[in-house]
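Here the structure comes first, spelled out in C-alpha cells, and everything after it is commentary.
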Amino acid sequence: MKQATFVFLLLFAMAFAACGDSTPAPSSIRVELSEWTVSPDVTTVAAGSVSFTASNAGRTDHELVVLKTDRAPDKLVSDSARVDEAASGTVVGEIEEGLAVGGSRTASFDLQPGKYVLFCNLLGHYDAGMSVALTVR
Ligand SMILES: [Cu+2]
C-alpha cells in the first residue's frame, strides 16, 4: 500500500515536470528533400548539438545546406544558378554525400540560437524553391 502510494506520487511528479509551461525544443530534425521542396518535421530546434537526418524522396540528387542568416528563405544571394553561400550568411553544416535518389544520412551540427535557412545548392535547385526557415532557440 505504502509503496503504491509512493509510485503514484512519483508518476504524478514526473507528469507534472513534463508539462512545464515551456516545452523544450527538440534536438533532432528530419528533413525530406524533393523537387522542389525542403520539408523539415519541425521548424524550431534547441541550440547545441542538433542531429539532422536528411532524406532524398525525389527523383534527382539533392543536398542539404544549413546556413545561419537573418535573410528570409527566398532572399538569399543567388545568381539564379547557385546561392552565394558566403554572401548570404554562414554555413554551419552541409550534408552532400549519400543523398542520391532514395538516400538518407544523419549528421550533427552545433547550432547557436538564431535564424537559419535550410536549402539545396545544386544547380538551379534553390531558385526552383528548395529552401525553408529554421529557428534555433
Ligand atoms: Cu536539390
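Each chain in the C-alpha cells gets a letter, A, B, ..., in the order shown, and its residues are numbered from 1; ligands are numbered from 1 in order too.
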- Message: Distance limit 12 Å, reference ligand 1, atoms considered: only C-alpha atoms and all ligand atoms. Which residues make the cut? Give them as a VMD selection string.
- Response: chain A and resid 32 to 39 54 to 65 81 to 83 95 to 96 99 to 101 118 to 131
- Message: Need the shell around Pro24 (chain A): protein/DNA/RNA residues with any atom at most 10 Å away, counting only C-alpha atoms. Skip same-chain ones fewer than 5 positions apart. Format as a VMD selection string?
- Response: chain A and resid 18 44 to 46 137
- Note on the structure: Here CA of Val31 (chain A) and CA of Ala107 (chain A) stand apart by 11.6 Å
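Here CA of Ala25 (chain A) is placed at a distance of 11.0 Å from CA of Gly48 (chain A).
Going from CA of Asp110 (chain A) over to CA of Ala72 (chain A), you cover 21.2 Å.
For Thr43 (chain A), the list of residues within 8 Å, based on only C-alpha atoms and with local chain neighbours fewer than 3 positions off taken out, reads Pro40, Ala133, Leu134 and Thr135 of chain A.
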